[in-house]
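Data block below; observations after.
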Amino acid sequence: VNHLERSLIALYALLLRLFPPTFRAEFASEMQEVFFQALRGARPEPSSNRRRIEMIRLFLREIVYLPAAIWSALEFRPVQVTSGIENPLDQDRPAPKVPGVEVDQRWIGEPSGWKEALLGAVPFLLYGLAYLLIALSERSGFYHADFRNYAPQMVFYGSVIGMLVGCVNGFPRWSYGYLGMVLHFTLDFFNEHFSVIVFGQQIWIPVLIALGLGLLIARSFRSLEQLLQGVWRDWPRLAFLAYAALLPIYTIIFFDSDWGIEELYGLGFDTLILAAGAVVFLCSRMTWQRVVSLQVSMFLLALRGILFLDWSAGLTLFLFVSFWTALLLIPVLFSLVRWGVKSMQAR
Amino acid sequence: LPEQVPSTDHLIPLREPTFFILLTLSQGSKHGYAILRDVETLSEGRVSLSTGTLYGALGRLLTQGLIQRVVGDTPENSVEGKGYENGDEAYSSVRGRKAYRLTQFGRHVLDAEIGRLQALLSATGHWMGRESL
């Protein structure tokens, strides 16, 4: 193995890090092996310049097709490997496609794929985008009074649609962000929202219609059962729901009437942090990883508040975040207590 | 009772790389590099897959149940003539290598695609023949 081969193989191993973890776990070693074989097969004669050029061409081909390959890899779901080709029972049997099986797996804490995780982050991104648009319109002088209502309504209706899709699919993990955002608007904990001002209590009507429609499309109440079972089996989902219902307001609560450039940066930063927290939560398998992802996200929100707001406002934000952090731990404590009781019973 | 074959409608037409991968596997189980090489040969160099594209496609075909992964040696897994040399074991665990083969459903999909292509060719020939008259 010459120096160029070693370098290309090392670089190729780095490229593999860009693939989704489930895909990487399944194929990375095979891909490395095949790439190595391709390099070996690329030589007309050892150490010739043509061989070097051909090897570099092979590596560049990997880079050019990398985005499409990653996109394709996002759709991969692990399947069972047949052990040995001589087992007649396993031969030529198509992989079974049983409706609902994937949903069942997601109940018990299986990590979401990247597409689902990004889907789960959409309400947070939409929320930040809506307020950025409001702020930019105010700063640029193109402000229109109705826009202040329309932008959040866009987020609300987007979340309602997400909740509807989640309902049809048995409320998988990604849909809890949408549920939380719907609660954020309908319950209006902070008496902040225009949507309640515009709709009053009628804001519940589209929510109930979407739920009814979801149950009608699913043709059963199983979705609601799955929602309850999902929470019961995986309490941190409730923490994620609360995260979506309570946290986004911190991105705007302290400066929505005074949009300086720092506030715009702050809003953008908070939005990305909230969305990243949601993505990591959805992609993580272990309960502690998911809890830590939400906690880290909230800690960064608080830190940003202390660093960039004045001290008293920052402290207030910090106390608020600490309070909600403690609140979000309650579902996790439930989970731990239940685990402890089960362990004791098992003995 | 005859076994019910799942519908192939949602999978047809196949994209060219997918078609060539399935066609390659119709001759028996093969490991990744053999597929890569055979696709290039079959397509006369037009379809040259990167490993990322190949394994993205293999992952999708596995999920769809068109192919199956098997562990163990196959004739195509032989080390001879595949670019291995002494000292290359660090990159290749030959005996534990995984190979891929068509499932019955995959063969059914491939047959359906071949039938579709034949129908296209037949219609083209028929039409051109009529025009030339």
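The way I read the labels, and the way they are meant: chains A, B, ... in the order of the structure tokens, residue 1 as the first residue of every chain, and ligand 1 as the first ligand shown, with later ones counted on from there.
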
Tell me as a PyMOL selection string which residues belonging to chain B come within 7 Å of chain A, counting only C-alpha atoms. chain B and resi 32-33+50-53+56+59-60+63+65-66+69-72+83+91-92+103-105

Could you save the residues just selected, with N, CA, C and O atoms, as a short mmCIF file (atom, residue, chain, number, x, y, z; two decimals), in the first residue's frame?
data_model
loop_
_atom_site.label_atom_id
_atom_site.label_comp_id
_atom_site.auth_asym_id
_atom_site.auth_seq_id
_atom_site.Cartn_x
_atom_site.Cartn_y
_atom_site.Cartn_z
N GLY B 32 -19.70 -6.46 -3.07
CA GLY B 32 -19.76 -5.08 -3.56
C GLY B 32 -18.87 -4.79 -4.76
O GLY B 32 -19.33 -4.23 -5.75
N TYR B 33 -17.60 -5.19 -4.67
CA TYR B 33 -16.68 -4.82 -5.74
C TYR B 33 -17.04 -5.53 -7.05
O TYR B 33 -16.95 -4.94 -8.13
N SER B 50 -19.94 5.13 -8.02
CA SER B 50 -19.04 5.35 -6.88
C SER B 50 -19.48 4.37 -5.79
O SER B 50 -20.59 3.84 -5.85
N THR B 51 -18.61 4.13 -4.81
CA THR B 51 -19.01 3.20 -3.74
C THR B 51 -20.20 3.76 -2.96
O THR B 51 -21.07 3.01 -2.52
N GLY B 52 -20.24 5.09 -2.81
CA GLY B 52 -21.36 5.71 -2.10
C GLY B 52 -22.68 5.46 -2.83
O GLY B 52 -23.68 5.10 -2.22
N THR B 53 -22.65 5.66 -4.16
CA THR B 53 -23.87 5.43 -4.95
C THR B 53 -24.27 3.97 -4.88
O THR B 53 -25.45 3.64 -4.74
N GLY B 56 -25.60 3.17 -1.41
CA GLY B 56 -26.90 3.84 -1.25
C GLY B 56 -27.99 3.03 -1.94
O GLY B 56 -29.06 2.79 -1.39
N GLY B 59 -28.55 -0.32 -0.12
CA GLY B 59 -29.33 -0.10 1.10
C GLY B 59 -30.81 0.04 0.77
O GLY B 59 -31.67 -0.52 1.44
N ARG B 60 -31.11 0.80 -0.29
CA ARG B 60 -32.51 1.01 -0.69
C ARG B 60 -33.13 -0.31 -1.16
O ARG B 60 -34.25 -0.65 -0.79
N THR B 63 -33.89 -2.45 1.80
CA THR B 63 -35.09 -1.97 2.50
C THR B 63 -36.35 -2.36 1.75
O THR B 63 -37.37 -2.70 2.35
N GLY B 65 -36.69 -4.93 -0.09
CA GLY B 65 -36.84 -6.38 -0.16
C GLY B 65 -36.53 -6.96 -1.54
O GLY B 65 -36.90 -8.09 -1.83
N LEU B 66 -35.81 -6.21 -2.38
CA LEU B 66 -35.48 -6.72 -3.72
C LEU B 66 -34.21 -7.57 -3.70
O LEU B 66 -34.03 -8.43 -4.56
N ARG B 69 -28.98 -9.88 1.87
CA ARG B 69 -27.55 -9.91 2.16
C ARG B 69 -27.20 -11.27 2.75
O ARG B 69 -27.93 -11.77 3.61
N VAL B 70 -26.13 -11.83 2.29
CA VAL B 70 -25.72 -13.13 2.81
C VAL B 70 -24.27 -13.04 3.28
O VAL B 70 -23.47 -12.29 2.72
N VAL B 71 -23.95 -13.80 4.31
CA VAL B 71 -22.59 -13.80 4.83
C VAL B 71 -21.93 -15.12 4.46
O VAL B 71 -22.54 -16.17 4.58
N GLY B 72 -20.73 -15.05 3.99
CA GLY B 72 -20.01 -16.27 3.65
C GLY B 72 -19.42 -16.19 2.26
O GLY B 72 -19.68 -15.26 1.52
N GLY B 83 -7.68 -8.17 -7.20
CA GLY B 83 -6.86 -7.04 -6.78
C GLY B 83 -6.26 -7.20 -5.39
O GLY B 83 -5.70 -6.27 -4.85
N TYR B 91 -7.38 -4.46 5.13
CA TYR B 91 -8.54 -3.80 4.54
C TYR B 91 -9.63 -4.78 4.12
O TYR B 91 -10.68 -4.37 3.69
N SER B 92 -9.35 -6.06 4.17
CA SER B 92 -10.36 -7.01 3.70
C SER B 92 -10.41 -8.25 4.56
O SER B 92 -9.41 -8.93 4.71
N THR B 103 -33.76 -11.45 -4.29
CA THR B 103 -34.84 -12.22 -3.68
C THR B 103 -35.80 -12.61 -4.81
O THR B 103 -35.66 -12.11 -5.94
N GLN B 104 -36.77 -13.43 -4.48
CA GLN B 104 -37.76 -13.80 -5.48
C GLN B 104 -38.51 -12.56 -5.96
O GLN B 104 -38.79 -12.40 -7.15
N PHE B 105 -38.78 -11.69 -5.02
CA PHE B 105 -39.48 -10.45 -5.36
C PHE B 105 -38.61 -9.58 -6.26
O PHE B 105 -39.08 -9.00 -7.24
#

Shell around Pro13 (chain B) at 12 Å using only C-alpha atoms, local window under 5 positions removed, as a PyMOL selection string: chain B and resi 8+18-19+109-117+120

Spatial neighbours of Leu315 (chain A), 9 Å, only C-alpha atoms, chain gap at least 5 places, as a ChimeraX atom specification: /A:302,305-306,310,320

Grab the residues selected above and save them as a CSV table (one decimal), in the first residue's frame with all heavy atoms.
chain,number,residue,atom,x,y,z
A,302,ALA,N,-29.7,30.1,27.9
A,302,ALA,CA,-29.4,30.9,29.1
A,302,ALA,C,-28.1,31.6,29.0
A,302,ALA,O,-28.0,32.8,29.3
A,302,ALA,CB,-29.5,30.0,30.3
A,305,GLY,N,-28.3,34.5,26.8
A,305,GLY,CA,-29.0,35.6,27.5
A,305,GLY,C,-28.1,36.4,28.4
A,305,GLY,O,-28.1,37.6,28.4
A,306,ILE,N,-27.3,35.7,29.2
A,306,ILE,CA,-26.4,36.3,30.2
A,306,ILE,C,-25.3,37.1,29.5
A,306,ILE,O,-25.0,38.2,29.9
A,306,ILE,CB,-25.8,35.3,31.1
A,306,ILE,CG1,-26.9,34.7,32.0
A,306,ILE,CG2,-24.7,35.8,31.9
A,306,ILE,CD1,-26.5,33.6,32.9
A,310,ASP,N,-28.6,42.6,29.1
A,310,ASP,CA,-28.0,43.2,30.3
A,310,ASP,C,-28.1,42.2,31.5
A,310,ASP,O,-28.9,41.2,31.4
A,310,ASP,CB,-28.7,44.5,30.7
A,310,ASP,CG,-30.2,44.3,31.0
A,310,ASP,OD1,-30.5,43.9,32.1
A,310,ASP,OD2,-31.0,44.6,30.1
A,320,PHE,N,-35.5,31.6,34.5
A,320,PHE,CA,-36.7,31.0,33.8
A,320,PHE,C,-36.2,29.6,33.2
A,320,PHE,O,-36.9,28.6,33.3
A,320,PHE,CB,-37.1,31.9,32.6
A,320,PHE,CG,-38.2,32.9,33.0
A,320,PHE,CD1,-38.5,33.1,34.3
A,320,PHE,CD2,-38.9,33.5,32.0
A,320,PHE,CE1,-39.5,34.0,34.6
A,320,PHE,CE2,-39.9,34.4,32.3
A,320,PHE,CZ,-40.2,34.6,33.6

Report, in Å with one decimal, the straight-line distance from CA of His10 (chain B) to CA of Gln64 (chain B). 10.8 Å

Show which residues sit within 9 Å of Pro17 (chain B), as a ChimeraX atom specification. Count only C-alpha atoms, and ignore same-chain residues fewer than 2 positions away. /B:14-15,19-22,39,47-49,54,57

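Here CA of Thr271 (chain A) and CA of Pro248 (chain A) stand 7.8 Å from one another.
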
Selected residue, from B:Ala119, B:Trp127, B:Asp38, B:Gly45, that lies nearest to Ser26 (chain B) when counting only C-alpha atoms: B:Asp38

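Distances to Gln229 (chain A) were evaluated for A:Tyr150, A:Phe156, A:Tyr131, A:Phe171 using only C-alpha atoms, and the minimum falls at A:Phe171.
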
Any idea what the distance is between CA of Pro172 (chain A) and CA of Ala117 (chain A)?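 These two atoms are separated by 10.8 Å.
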